[in-house]
file coords22.txt (compact mmCIF, C-alpha atoms)
# COMPACT_ATOMS: atom_id res chain seq x y z
CA MET H 1382 102.68 119.65 -112.12
CA ARG H 1383 105.42 121.85 -110.63
CA LEU H 1384 108.33 120.66 -112.71
CA LYS H 1385 111.76 120.25 -111.18
CA ALA H 1386 114.10 120.81 -114.14
CA LEU H 1387 117.80 120.43 -114.77
CA PHE H 1388 119.49 122.28 -117.65
CA TYR H 1389 122.55 120.37 -118.89
CA ILE H 1390 124.76 122.65 -120.99
CA ALA H 1391 128.28 122.65 -122.43
CA GLN H 1392 128.38 125.80 -124.61
CA ASP H 1393 127.62 129.48 -124.02
CA TYR H 1394 124.95 129.53 -126.73
CA ALA H 1395 122.74 127.38 -124.48
CA PHE H 1396 121.82 130.30 -122.22
CA ALA H 1397 119.76 132.07 -124.88
CA ILE H 1398 118.13 128.77 -125.87
CA LEU H 1399 117.05 127.70 -122.39
CA ARG H 1400 116.19 130.95 -120.61
CA PRO H 1401 112.70 131.24 -122.16
CA LEU H 1402 111.99 127.72 -120.85
CA GLN H 1403 113.35 128.64 -117.42
CA ALA H 1404 110.95 131.60 -117.27
CA GLU H 1405 108.03 129.39 -118.30
CA ILE H 1406 108.83 126.69 -115.73
CA ILE H 1407 109.17 129.21 -112.89
CA ALA H 1408 105.98 131.02 -113.94
CA ASN H 1409 104.18 127.68 -113.58
CA GLY H 1410 105.50 127.07 -110.06
CA GLY H 1411 108.46 124.88 -110.98
CA SER H 1412 112.18 125.19 -110.31
CA VAL H 1413 115.34 125.10 -112.44
CA ALA H 1414 118.98 124.23 -111.77
CA TRP H 1415 121.87 124.53 -114.23
CA LEU H 1416 124.73 122.07 -114.67
CA LEU H 1417 127.62 123.59 -116.63
CA VAL H 1418 130.01 120.99 -118.02
CA GLY H 1419 133.25 121.23 -119.98
CA LYS H 1420 135.92 123.87 -120.42
CA ASP H 1421 134.13 125.78 -123.20
CA ILE H 1422 131.48 127.39 -121.03
CA ASN H 1423 131.72 130.62 -119.06
CA PRO H 1424 130.03 130.34 -115.62
CA THR H 1425 130.00 134.13 -115.17
CA LEU H 1426 127.24 134.27 -117.79
CA LEU H 1427 124.79 132.87 -115.25
CA ALA H 1428 122.60 135.54 -113.66
CA PRO H 1429 122.86 135.96 -109.86
CA GLN H 1430 119.38 134.49 -109.33
CA GLU H 1431 120.05 131.41 -111.47
CA HIS H 1432 120.78 128.24 -109.53
CA ARG H 1433 124.02 126.51 -110.50
CA LEU H 1434 124.87 122.98 -109.37
CA GLU H 1435 128.54 122.57 -108.56
CA ASP H 1436 129.14 119.16 -110.12
CA VAL H 1437 127.61 115.98 -111.51
CA ALA H 1438 127.19 114.49 -108.03
CA ALA H 1439 125.02 117.47 -107.12
CA ALA H 1440 122.99 116.96 -110.30
CA VAL H 1441 122.37 113.32 -109.38
CA SER H 1442 121.29 114.33 -105.88
CA TYR H 1443 119.07 117.07 -107.30
CA ASN H 1444 116.90 114.28 -108.76
CA ALA H 1445 115.17 116.32 -111.46
CA ASP H 1446 111.89 115.36 -113.05
CA ALA H 1447 113.32 116.30 -116.45
CA VAL H 1448 116.75 117.11 -117.89
CA PHE H 1449 116.83 119.51 -120.86
CA ALA H 1450 119.82 119.60 -123.21
CA PRO H 1451 120.45 121.57 -126.42
CA GLY H 1452 123.52 119.40 -127.15
CA ASP H 1453 123.28 115.89 -128.55
CA ARG H 1454 124.57 114.06 -125.45
CA VAL H 1455 123.28 113.76 -121.92
CA PRO H 1456 124.32 111.18 -119.28
CA GLY H 1457 121.87 108.41 -118.50
CA PHE H 1458 123.06 108.26 -114.89
CA ILE H 1459 121.62 111.71 -114.11
CA PRO H 1460 117.97 111.17 -113.06
CA GLY H 1461 115.04 112.52 -115.02
CA LEU H 1462 113.24 112.39 -118.35
CA LYS H 1463 115.80 113.39 -120.99
CA VAL H 1464 114.54 116.11 -123.36
CA GLN H 1465 116.41 117.22 -126.48
CA VAL H 1466 115.65 120.85 -127.41
CA PHE H 1467 118.41 121.28 -130.08
CA HIS H 1468 121.09 123.93 -130.51
CA GLY H 1469 120.10 125.00 -134.01
CA LEU H 1470 117.37 124.85 -136.60
CA ASN H 1471 117.16 121.76 -138.76
CA GLU H 1472 119.69 121.71 -141.61
CA TYR H 1473 118.28 118.68 -143.39
CA LYS H 1474 118.48 120.48 -146.75
CA ARG H 1475 122.25 120.76 -146.25
CA GLY H 1476 122.65 117.08 -145.48
CA ASN H 1477 122.52 117.17 -141.68
CA GLN H 1478 120.71 114.06 -140.43
CA TYR H 1479 120.30 114.12 -136.64
CA PRO H 1480 122.27 111.25 -135.02
CA GLU H 1481 119.70 109.59 -132.76
CA ARG H 1482 121.87 107.64 -130.28
CA GLY H 1483 119.36 106.40 -127.73
CA LEU H 1484 120.12 109.10 -125.15
CA PHE H 1485 116.81 111.01 -125.09
CA ASP H 1486 113.22 110.19 -124.20
CA LEU H 1487 111.61 113.22 -125.87
CA TYR H 1488 112.61 115.28 -128.89
CA CYS H 1489 111.04 118.75 -129.17
CA THR H 1490 111.38 119.70 -132.83
CA GLU H 1491 111.07 123.08 -134.52
CA GLY H 1492 109.08 122.00 -137.55
CA PRO H 1493 107.87 119.32 -139.97
CA SER H 1494 111.24 118.51 -141.56
CA ARG H 1495 112.98 117.36 -138.38
CA THR H 1496 109.76 115.79 -137.11
CA ALA H 1497 109.54 113.71 -140.28
CA MET H 1498 113.17 112.70 -139.83
CA LEU H 1499 112.68 111.43 -136.25
CA GLU H 1500 109.13 110.03 -136.15
CA PRO H 1501 109.89 106.91 -138.24
CA LEU H 1502 112.76 106.16 -135.83
CA ALA H 1503 110.46 106.70 -132.85
CA ARG H 1504 107.99 104.15 -134.24
CA LYS H 1505 110.75 101.68 -135.05
CA ARG H 1506 112.74 101.94 -131.82
CA GLY H 1507 109.90 102.55 -129.40
CA TYR H 1508 111.84 104.20 -126.57
CA PHE H 1509 111.39 107.90 -127.38
CA GLN H 1510 108.68 110.31 -128.50
CA VAL H 1511 108.67 113.32 -130.80
CA ARG H 1512 106.66 116.51 -130.30
CA GLU H 1513 106.65 119.50 -132.66
CA THR H 1514 106.90 122.53 -130.39
CA GLY H 1515 109.03 125.16 -132.12
CA TRP H 1516 112.61 126.05 -131.22
CA LEU H 1517 113.20 127.68 -127.84
CA LYS H 1518 115.82 130.16 -129.02
CA LEU H 1519 113.27 131.80 -131.30
CA ASP H 1520 111.41 132.88 -128.16
CA SER H 1521 114.53 134.82 -127.16
CA LEU H 1522 114.97 136.08 -130.72
CA PHE H 1523 111.44 137.41 -131.16
CA GLN H 1524 110.84 138.55 -127.57
CA GLN H 1525 113.97 140.71 -127.71
CA GLN H 1526 113.09 142.21 -131.07
CA GLU H 1527 111.02 145.06 -129.66
CA LEU H 1528 113.73 145.95 -127.13
CA ALA H 1529 116.43 145.76 -129.76
CA GLU H 1530 114.53 148.06 -132.09
CA SER H 1531 114.48 150.73 -129.38
CA ASP H 1532 118.28 150.57 -129.02
CA PRO H 1533 119.56 154.10 -129.76
CA GLN H 1534 122.55 152.60 -131.58
CA LEU H 1535 120.15 151.32 -134.21
CA THR H 1536 119.34 154.90 -135.22
CA GLU H 1537 122.88 155.37 -136.50
CA ARG H 1538 122.68 155.18 -140.26
CA ARG H 1539 126.01 153.58 -141.07
CA PRO H 1540 125.18 150.15 -142.50
CA LYS H 1541 125.95 147.37 -140.05
CA ILE H 1542 127.37 144.17 -141.50
CA ALA H 1543 127.42 141.02 -139.37
CA PHE H 1544 130.00 138.32 -140.00
CA ALA H 1545 129.60 134.77 -138.70
CA SER H 1546 131.17 131.51 -139.78
CA THR H 1547 131.01 127.82 -138.99
CA PHE H 1548 134.07 126.27 -137.34
CA THR H 1549 134.20 123.28 -139.74
CA ALA H 1550 137.12 124.12 -142.03
CA ARG H 1551 135.68 122.62 -145.24
CA LEU H 1552 132.41 124.54 -144.77
CA SER H 1553 133.87 127.78 -143.41
CA GLY H 1554 134.57 131.00 -145.28
CA ALA H 1555 136.49 132.64 -142.45
CA GLU H 1556 139.96 132.08 -143.89
CA ALA H 1557 139.02 132.68 -147.52
CA LEU H 1558 137.19 135.95 -146.77
CA PHE H 1559 139.62 137.38 -144.23
CA GLU H 1560 141.70 139.59 -146.54
CA GLU H 1561 138.61 140.93 -148.30
CA ILE H 1562 136.89 141.73 -145.01
CA ARG H 1563 140.03 143.41 -143.70
CA ALA H 1564 140.10 145.63 -146.78
CA LEU H 1565 136.40 146.47 -146.54
CA ILE H 1566 136.75 147.51 -142.90
CA THR H 1567 139.02 150.37 -143.97
CA ARG H 1568 137.57 151.03 -147.43
CA GLN H 1569 133.81 151.13 -146.89
CA PRO H 1570 131.66 153.29 -144.53
CA TRP H 1571 130.25 150.22 -142.82
CA ASP H 1572 130.27 148.97 -139.23
CA TRP H 1573 131.23 145.31 -138.73
CA LEU H 1574 129.70 143.11 -136.00
CA ILE H 1575 131.68 139.87 -135.76
CA THR H 1576 130.93 136.67 -133.89
CA LEU H 1577 133.30 133.69 -133.94
CA HIS H 1578 132.26 130.14 -133.09
CA PRO H 1579 133.83 128.91 -129.82
CA LYS H 1580 135.22 125.85 -131.64
CA MET H 1581 136.85 127.83 -134.46
CA ASP H 1582 140.58 127.35 -134.99
CA GLN H 1583 142.43 129.66 -132.62
CA ASN H 1584 144.73 131.00 -135.34
CA THR H 1585 141.70 132.16 -137.31
CA VAL H 1586 140.17 133.70 -134.20
CA ASP H 1587 143.39 135.59 -133.48
CA LYS H 1588 143.50 136.99 -137.01
CA TYR H 1589 139.98 138.40 -136.72
CA ARG H 1590 140.59 139.67 -133.20
CA GLY H 1591 143.49 141.59 -134.65
CA LEU H 1592 141.07 143.67 -136.75
CA SER H 1593 140.97 146.31 -134.06
CA GLN H 1594 139.22 149.34 -135.57
CA ASP H 1595 136.56 151.77 -134.36
CA ASN H 1596 134.04 150.27 -136.77
CA VAL H 1597 134.55 146.66 -135.60
CA GLN H 1598 132.78 145.04 -132.63
CA PHE H 1599 133.02 141.45 -131.43
CA TYR H 1600 130.12 139.50 -129.92
CA GLY H 1601 130.29 136.34 -127.85
CA THR H 1602 127.88 133.47 -128.45
CA ASP H 1603 125.94 134.56 -125.36
CA ASP H 1604 125.23 137.96 -126.96
CA VAL H 1605 124.59 136.90 -130.53
CA ILE H 1606 120.89 137.87 -130.44
CA SER H 1607 121.93 141.50 -130.00
CA LEU H 1608 124.16 141.16 -133.07
CA LEU H 1609 121.29 139.69 -135.10
CA HIS H 1610 118.96 142.57 -134.29
CA ARG H 1611 121.52 145.34 -134.75
CA SER H 1612 122.82 144.18 -138.14
CA ASP H 1613 121.40 145.11 -141.55
CA VAL H 1614 123.14 142.36 -143.54
CA MET H 1615 124.91 139.14 -142.60
CA VAL H 1616 127.94 137.64 -144.31
CA CYS H 1617 128.12 133.92 -143.58
CA ASP H 1618 128.87 130.52 -145.10
CA ASN H 1619 127.17 127.33 -143.88
CA SER H 1620 126.62 128.27 -140.24
CA SER H 1621 123.09 127.74 -138.95
CA ILE H 1622 123.07 131.29 -137.57
CA LEU H 1623 122.17 132.52 -141.04
CA GLN H 1624 118.78 130.87 -140.61
CA GLU H 1625 118.06 132.96 -137.51
CA PHE H 1626 119.00 136.11 -139.41
CA LEU H 1627 116.67 135.20 -142.28
CA LEU H 1628 113.85 134.67 -139.78
CA LEU H 1629 114.21 138.36 -138.91
CA GLU H 1630 113.59 138.97 -142.63
CA LYS H 1631 117.04 140.39 -143.28
CA PRO H 1632 119.33 139.55 -146.24
CA VAL H 1633 122.27 137.17 -146.04
CA VAL H 1634 125.34 136.94 -148.26
CA THR H 1635 126.67 133.38 -148.19
CA PHE H 1636 130.09 132.18 -149.27
CA ARG H 1637 130.08 128.82 -151.05
CA ASN H 1638 126.95 127.61 -149.32
CA ARG H 1639 126.42 123.88 -149.82
CA GLU H 1640 122.88 124.40 -151.04
CA PRO H 1641 122.11 128.08 -151.63
CA LEU H 1642 118.46 129.07 -151.59
CA PRO H 1643 116.65 131.90 -153.41
CA CYS H 1644 116.59 133.87 -150.13
CA MET H 1645 120.41 134.04 -150.08
CA ILE H 1646 122.96 135.94 -152.18
CA ASP H 1647 125.58 133.25 -152.66
CA ILE H 1648 129.08 134.03 -153.91
CA ARG H 1649 131.89 131.70 -154.94
CA SER H 1650 134.83 134.12 -154.83
CA PRO H 1651 135.92 136.61 -152.13
CA HIS H 1652 136.19 139.30 -154.83
CA GLU H 1653 132.39 139.19 -155.20
CA LEU H 1654 131.83 140.20 -151.59
CA THR H 1655 131.59 144.00 -152.01
CA SER H 1656 129.01 143.87 -154.79
CA ALA H 1657 127.02 141.18 -152.94
CA ILE H 1658 126.84 143.29 -149.77
CA ASN H 1659 125.71 146.30 -151.81
CA ARG H 1660 122.97 144.15 -153.37
CA ALA H 1661 121.91 143.02 -149.90
CA LEU H 1662 121.78 146.61 -148.63
CA GLN H 1663 119.39 147.40 -151.49
CA PRO H 1664 117.50 144.11 -151.87
CA SER H 1665 115.32 143.52 -154.90
CA ASP H 1666 111.63 142.77 -154.53
CA VAL H 1667 112.31 139.20 -155.62
CA LEU H 1668 114.87 138.74 -152.85
CA LYS H 1669 112.55 140.31 -150.26
CA GLN H 1670 109.75 137.93 -151.23
CA ALA H 1671 112.07 134.92 -150.98
CA ILE H 1672 113.25 136.00 -147.52
CA THR H 1673 109.67 136.50 -146.31
CA ALA H 1674 108.71 133.03 -147.54
CA TYR H 1675 111.70 131.38 -145.86
CA GLY H 1676 110.57 131.47 -142.20
CA PRO H 1677 107.36 129.44 -142.57
CA SER H 1678 109.26 126.91 -144.69
CA VAL H 1679 111.54 126.14 -141.70
CA THR H 1680 109.13 126.30 -138.77
CA PRO H 1681 105.45 127.11 -138.35
CA PHE H 1682 106.16 128.45 -134.84
CA LEU H 1683 107.14 132.09 -135.19
CA ASP H 1684 105.06 133.35 -132.26
CA GLY H 1685 107.79 133.41 -129.59
CA ARG H 1686 105.85 130.93 -127.40
CA SER H 1687 107.65 127.65 -127.92
CA ALA H 1688 108.66 127.39 -124.24
CA GLY H 1689 105.06 126.80 -123.24
CA ARG H 1690 104.73 124.01 -125.79
CA VAL H 1691 107.99 122.36 -124.67
CA LEU H 1692 106.88 122.47 -121.04
CA GLN H 1693 103.46 121.06 -121.89
CA ALA H 1694 104.98 118.21 -123.95
CA THR H 1695 107.34 117.34 -121.10
CA VAL H 1696 104.71 117.38 -118.37
CA SER H 1697 102.28 115.40 -120.52
CA LEU H 1698 104.84 112.65 -121.06
CA LEU H 1699 105.70 112.51 -117.36
CA ASN H 1700 102.00 112.39 -116.41
CA SER H 1701 101.37 109.60 -118.91
CA GLY H 1702 103.32 107.15 -116.75
CA TRP H 1703 106.61 107.44 -118.61
CA GLN H 1704 109.19 104.76 -117.97
CA ASP H 1705 112.78 104.80 -119.17
CA ARG H 1706 113.08 102.27 -122.00
CA LYS H 1707 116.19 103.66 -123.66
CA PRO H 1708 119.19 101.44 -124.47
CA ARG H 1709 121.70 101.23 -121.63
CA ASN H 1710 124.42 102.79 -123.75
CA TRP H 1711 127.09 101.40 -121.45
CA TRP H 1712 130.05 102.58 -123.51
CA ARG H 1713 128.78 106.13 -124.12
CA ASN H 1714 127.81 106.58 -120.48
CA LEU H 1715 131.17 105.20 -119.36
CA ARG H 1716 132.94 107.74 -121.55
CA MET H 1717 130.74 110.53 -120.20
CA ARG H 1718 131.52 109.44 -116.65
CA HIS H 1719 135.21 109.61 -117.48
CA ASN H 1720 134.93 113.04 -119.15
CA LEU H 1721 132.83 114.39 -116.29
CA GLU H 1722 135.15 112.82 -113.67
CA PHE H 1723 132.21 111.13 -111.95

call {"tool": "encode", "arguments": {"input": "coords22.txt", "output": "structure tokens"}}
result
Amino acid sequence: MRLKALFYIAQDYAFAILRPLQAEIIANGGSVAWLLVGKDINPTLLAPQEHRLEDVAAAVSYNADAVFAPGDRVPGFIPGLKVQVFHGLNEYKRGNQYPERGLFDLYCTEGPSRTAMLEPLARKRGYFQVRETGWLKLDSLFQQQELAESDPQLTERRPKIAFASTFTARLSGAEALFEEIRALITRQPWDWLITLHPKMDQNTVDKYRGLSQDNVQFYGTDDVISLLHRSDVMVCDNSSILQEFLLLEKPVVTFRNREPLPCMIDIRSPHELTSAINRALQPSDVLKQAITAYGPSVTPFLDGRSAGRVLQATVSLLNSGWQDRKPRNWWRNLRMRHNLEF
């Protein structure tokens, strides 16, 4: 089947998630169009050869076979099988239960934990299916690893410290760590690679943007994979990006993580940050072993080929005689119509 696909996205991070799938669909004779919705997405990040639909009306007319979304909402009035591919790895251990709202026909999960969360609901509700395929963004992460390792900037021997933080205030370390990070930027011979969530409070963003030094670089969410590969250590809190860094078998210093694991160096006070980073730069054998064991505990699919499995799961469901049995979701779809001005 030559799949006609629509990518429905609302955040810049979606490009890195969906591009491996786009390549797989096109390689198999299919076609892809992108619908960019909301004010938080930058349309200039689309490549010249990528097909952008101008509005929701164009997406309806496009009449896709399948609509892929990494976010947790997609309008029912846009035609096509609705496929959830997720915007992050499962955080079940930190209390994040996925809110199944009756908007998707197929969930492509990264591993057993999320599969086990959704399959009982699939059996009970009967209108969606679950397939364990691996997470698409890991294709981008692992396929770019070889290129990133040949980056001449990686041969510079100054340690490179990444900083990333969740935007949720009660889970974020951005404010608490700011003064300590500002001091370390001038006090230590380290380079800092900083990425700030697009939903983070603007005052916090402005404070970090004000750290204008030669050893500080900022990365947008569209370029975060480069940051992950270039960095030696990550300082984080409860953001899911720390999981991607651990999958590259690199050490993470977490600040007040809700459920710290043996593969993390968790601190409770900003004053512990310097010593924790030094420990991460010279990790013990015990820490190295814990980091190595972490990846398979999250997902068995570390081969960079999840796009093929997602495409196969989608085509198989379409070829099985799929029919839309989802709830009508009148209120949610009405609100989406209003927000999308359609």

call {"tool": "atom_distance", "arguments": {"input": "coords22.txt", "atom1": "CA of Tyr1675 in chain H", "atom2": "CA of Ala1694 in chain H"}}
result
26.4 Å

call {"tool": "residues_near_point", "arguments": {"input": "coords22.txt", "point": "(108.4, 115.3, -133.2)", "cutoff": "10 Å", "atoms": "only C-alpha atoms", "output": "PDB file with C-alpha atoms, in the coordinates of the input"}}
result
ATOM      1  CA  LEU H1487     111.610 113.220-125.870  1.00  0.00           C
ATOM      2  CA  TYR H1488     112.610 115.280-128.890  1.00  0.00           C
ATOM      3  CA  CYS H1489     111.040 118.750-129.170  1.00  0.00           C
ATOM      4  CA  THR H1490     111.380 119.700-132.830  1.00  0.00           C
ATOM      5  CA  GLU H1491     111.070 123.080-134.520  1.00  0.00           C
ATOM      6  CA  GLY H1492     109.080 122.000-137.550  1.00  0.00           C
ATOM      7  CA  PRO H1493     107.870 119.320-139.970  1.00  0.00           C
ATOM      8  CA  SER H1494     111.240 118.510-141.560  1.00  0.00           C
ATOM      9  CA  ARG H1495     112.980 117.360-138.380  1.00  0.00           C
ATOM     10  CA  THR H1496     109.760 115.790-137.110  1.00  0.00           C
ATOM     11  CA  ALA H1497     109.540 113.710-140.280  1.00  0.00           C
ATOM     12  CA  MET H1498     113.170 112.700-139.830  1.00  0.00           C
ATOM     13  CA  LEU H1499     112.680 111.430-136.250  1.00  0.00           C
ATOM     14  CA  GLU H1500     109.130 110.030-136.150  1.00  0.00           C
ATOM     15  CA  PRO H1501     109.890 106.910-138.240  1.00  0.00           C
ATOM     16  CA  ALA H1503     110.460 106.700-132.850  1.00  0.00           C
ATOM     17  CA  PHE H1509     111.390 107.900-127.380  1.00  0.00           C
ATOM     18  CA  GLN H1510     108.680 110.310-128.500  1.00  0.00           C
ATOM     19  CA  VAL H1511     108.670 113.320-130.800  1.00  0.00           C
ATOM     20  CA  ARG H1512     106.660 116.510-130.300  1.00  0.00           C
ATOM     21  CA  GLU H1513     106.650 119.500-132.660  1.00  0.00           C
ATOM     22  CA  THR H1514     106.900 122.530-130.390  1.00  0.00           C
ATOM     23  CA  GLY H1515     109.030 125.160-132.120  1.00  0.00           C
TER      24      GLY H1515
END

call {"tool": "residues_around", "arguments": {"input": "coords22.txt", "residues": "range 1454-1471 of chain H", "least_positions_apart": "3", "cutoff": "9 Å", "atoms": "all atoms listed in the file", "output": "MDAnalysis selection string"}}
result
chainID H and resid 1386:1387 1389 1394:1395 1398:1399 1437:1438 1440:1451 1474 1477:1479 1482 1484:1492 1494:1495 1516:1518 1621:1622 1624:1625 1679:1680 1691 1695 1698:1699 1703:1705 1709:1710 1713:1714 1717:1718

call {"tool": "write_last_selection", "arguments": {"input": "coords22.txt", "atoms": "C-alpha atoms", "output": "compact mmCIF listing (two decimals), keeping the file's coordinate frame"}}
result
# COMPACT_ATOMS: atom_id res chain seq x y z
CA ALA H 1386 114.10 120.81 -114.14
CA LEU H 1387 117.80 120.43 -114.77
CA TYR H 1389 122.55 120.37 -118.89
CA TYR H 1394 124.95 129.53 -126.73
CA ALA H 1395 122.74 127.38 -124.48
CA ILE H 1398 118.13 128.77 -125.87
CA LEU H 1399 117.05 127.70 -122.39
CA VAL H 1437 127.61 115.98 -111.51
CA ALA H 1438 127.19 114.49 -108.03
CA ALA H 1440 122.99 116.96 -110.30
CA VAL H 1441 122.37 113.32 -109.38
CA SER H 1442 121.29 114.33 -105.88
CA TYR H 1443 119.07 117.07 -107.30
CA ASN H 1444 116.90 114.28 -108.76
CA ALA H 1445 115.17 116.32 -111.46
CA ASP H 1446 111.89 115.36 -113.05
CA ALA H 1447 113.32 116.30 -116.45
CA VAL H 1448 116.75 117.11 -117.89
CA PHE H 1449 116.83 119.51 -120.86
CA ALA H 1450 119.82 119.60 -123.21
CA PRO H 1451 120.45 121.57 -126.42
CA LYS H 1474 118.48 120.48 -146.75
CA ASN H 1477 122.52 117.17 -141.68
CA GLN H 1478 120.71 114.06 -140.43
CA TYR H 1479 120.30 114.12 -136.64
CA ARG H 1482 121.87 107.64 -130.28
CA LEU H 1484 120.12 109.10 -125.15
CA PHE H 1485 116.81 111.01 -125.09
CA ASP H 1486 113.22 110.19 -124.20
CA LEU H 1487 111.61 113.22 -125.87
CA TYR H 1488 112.61 115.28 -128.89
CA CYS H 1489 111.04 118.75 -129.17
CA THR H 1490 111.38 119.70 -132.83
CA GLU H 1491 111.07 123.08 -134.52
CA GLY H 1492 109.08 122.00 -137.55
CA SER H 1494 111.24 118.51 -141.56
CA ARG H 1495 112.98 117.36 -138.38
CA TRP H 1516 112.61 126.05 -131.22
CA LEU H 1517 113.20 127.68 -127.84
CA LYS H 1518 115.82 130.16 -129.02
CA SER H 1621 123.09 127.74 -138.95
CA ILE H 1622 123.07 131.29 -137.57
CA GLN H 1624 118.78 130.87 -140.61
CA GLU H 1625 118.06 132.96 -137.51
CA VAL H 1679 111.54 126.14 -141.70
CA THR H 1680 109.13 126.30 -138.77
CA VAL H 1691 107.99 122.36 -124.67
CA THR H 1695 107.34 117.34 -121.10
CA LEU H 1698 104.84 112.65 -121.06
CA LEU H 1699 105.70 112.51 -117.36
CA TRP H 1703 106.61 107.44 -118.61
CA GLN H 1704 109.19 104.76 -117.97
CA ASP H 1705 112.78 104.80 -119.17
CA ARG H 1709 121.70 101.23 -121.63
CA ASN H 1710 124.42 102.79 -123.75
CA ARG H 1713 128.78 106.13 -124.12
CA ASN H 1714 127.81 106.58 -120.48
CA MET H 1717 130.74 110.53 -120.20
CA ARG H 1718 131.52 109.44 -116.65

call {"tool": "atom_distance", "arguments": {"input": "coords22.txt", "atom1": "CA of Phe1396 in chain H", "atom2": "CA of Asn1619 in chain H"}}
result
22.5 Å

call {"tool": "atom_distance", "arguments": {"input": "coords22.txt", "atom1": "CA of Lys1631 in chain H", "atom2": "CA of Leu1522 in chain H"}}
result
13.4 Å

call {"tool": "closest_residue", "arguments": {"input": "coords22.txt", "among": "H:Ala1674, H:Leu1654, H:Leu1628, H:Leu1662", "to": "Glu1561 in chain H", "atoms": "all atoms listed in the file"}}
result
H:Leu1654

call {"tool": "closest_residue", "arguments": {"input": "coords22.txt", "among": "H:Asp1393, H:Glu1405, H:Glu1640, H:Glu1556", "to": "Thr1602 in chain H", "atoms": "all atoms listed in the file"}}
result
H:Asp1393

call {"tool": "residues_around", "arguments": {"input": "coords22.txt", "residues": "Asp1582 in chain H", "least_positions_apart": "2", "cutoff": "12 Å", "atoms": "all atoms listed in the file", "output": "PyMOL selection string"}}
result
chain H and resi 1546-1550+1553+1555-1556+1577-1580+1584-1589

call {"tool": "closest_residue", "arguments": {"input": "coords22.txt", "among": "H:Ile1646, H:Leu1565, H:Ile1672, H:Leu1384", "to": "Gln1403 in chain H", "atoms": "only C-alpha atoms"}}
result
H:Leu1384

call {"tool": "decode", "arguments": {"input": "coords22.txt", "residues": "range 1562-1576 of chain H", "atoms": "N, CA and C atoms", "output": "mmCIF file, in the first residue's frame"}}
result
data_model
loop_
_atom_site.group_PDB
_atom_site.id
_atom_site.type_symbol
_atom_site.label_atom_id
_atom_site.label_comp_id
_atom_site.auth_asym_id
_atom_site.auth_seq_id
_atom_site.Cartn_x
_atom_site.Cartn_y
_atom_site.Cartn_z
ATOM 1 N N ILE H 1562 24.275 27.912 38.220
ATOM 2 C CA ILE H 1562 24.739 27.746 36.845
ATOM 3 C C ILE H 1562 25.447 29.009 36.362
ATOM 4 N N ARG H 1563 24.899 30.170 36.687
ATOM 5 C CA ARG H 1563 25.543 31.417 36.293
ATOM 6 C C ARG H 1563 26.957 31.503 36.864
ATOM 7 N N ALA H 1564 27.133 31.088 38.101
ATOM 8 C CA ALA H 1564 28.460 31.114 38.714
ATOM 9 C C ALA H 1564 29.399 30.116 38.049
ATOM 10 N N LEU H 1565 28.890 28.932 37.741
ATOM 11 C CA LEU H 1565 29.734 27.899 37.131
ATOM 12 C C LEU H 1565 30.185 28.287 35.729
ATOM 13 N N ILE H 1566 29.357 29.031 35.021
ATOM 14 C CA ILE H 1566 29.716 29.459 33.668
ATOM 15 C C ILE H 1566 31.001 30.275 33.684
ATOM 16 N N THR H 1567 31.198 31.079 34.711
ATOM 17 C CA THR H 1567 32.403 31.910 34.792
ATOM 18 C C THR H 1567 33.517 31.247 35.598
ATOM 19 N N ARG H 1568 33.164 30.285 36.453
ATOM 20 C CA ARG H 1568 34.146 29.737 37.393
ATOM 21 C C ARG H 1568 34.819 28.454 36.902
ATOM 22 N N GLN H 1569 34.133 27.689 36.068
ATOM 23 C CA GLN H 1569 34.647 26.390 35.663
ATOM 24 C C GLN H 1569 35.000 26.383 34.168
ATOM 25 N N PRO H 1570 35.999 25.591 33.772
ATOM 26 C CA PRO H 1570 36.392 25.504 32.354
ATOM 27 C C PRO H 1570 35.493 24.547 31.573
ATOM 28 N N TRP H 1571 34.210 24.824 31.604
ATOM 29 C CA TRP H 1571 33.223 23.982 30.943
ATOM 30 C C TRP H 1571 32.460 24.798 29.905
ATOM 31 N N ASP H 1572 32.027 24.124 28.836
ATOM 32 C CA ASP H 1572 31.086 24.726 27.895
ATOM 33 C C ASP H 1572 29.672 24.306 28.283
ATOM 34 N N TRP H 1573 28.720 25.229 28.127
ATOM 35 C CA TRP H 1573 27.328 24.962 28.484
ATOM 36 C C TRP H 1573 26.459 24.985 27.227
ATOM 37 N N LEU H 1574 25.660 23.930 27.043
ATOM 38 C CA LEU H 1574 24.733 23.805 25.925
ATOM 39 C C LEU H 1574 23.336 23.779 26.534
ATOM 40 N N ILE H 1575 22.556 24.821 26.295
ATOM 41 C CA ILE H 1575 21.293 25.015 27.007
ATOM 42 C C ILE H 1575 20.117 24.937 26.051
ATOM 43 N N THR H 1576 19.111 24.163 26.431
ATOM 44 C CA THR H 1576 17.851 24.136 25.689
ATOM 45 C C THR H 1576 16.713 24.415 26.654
#
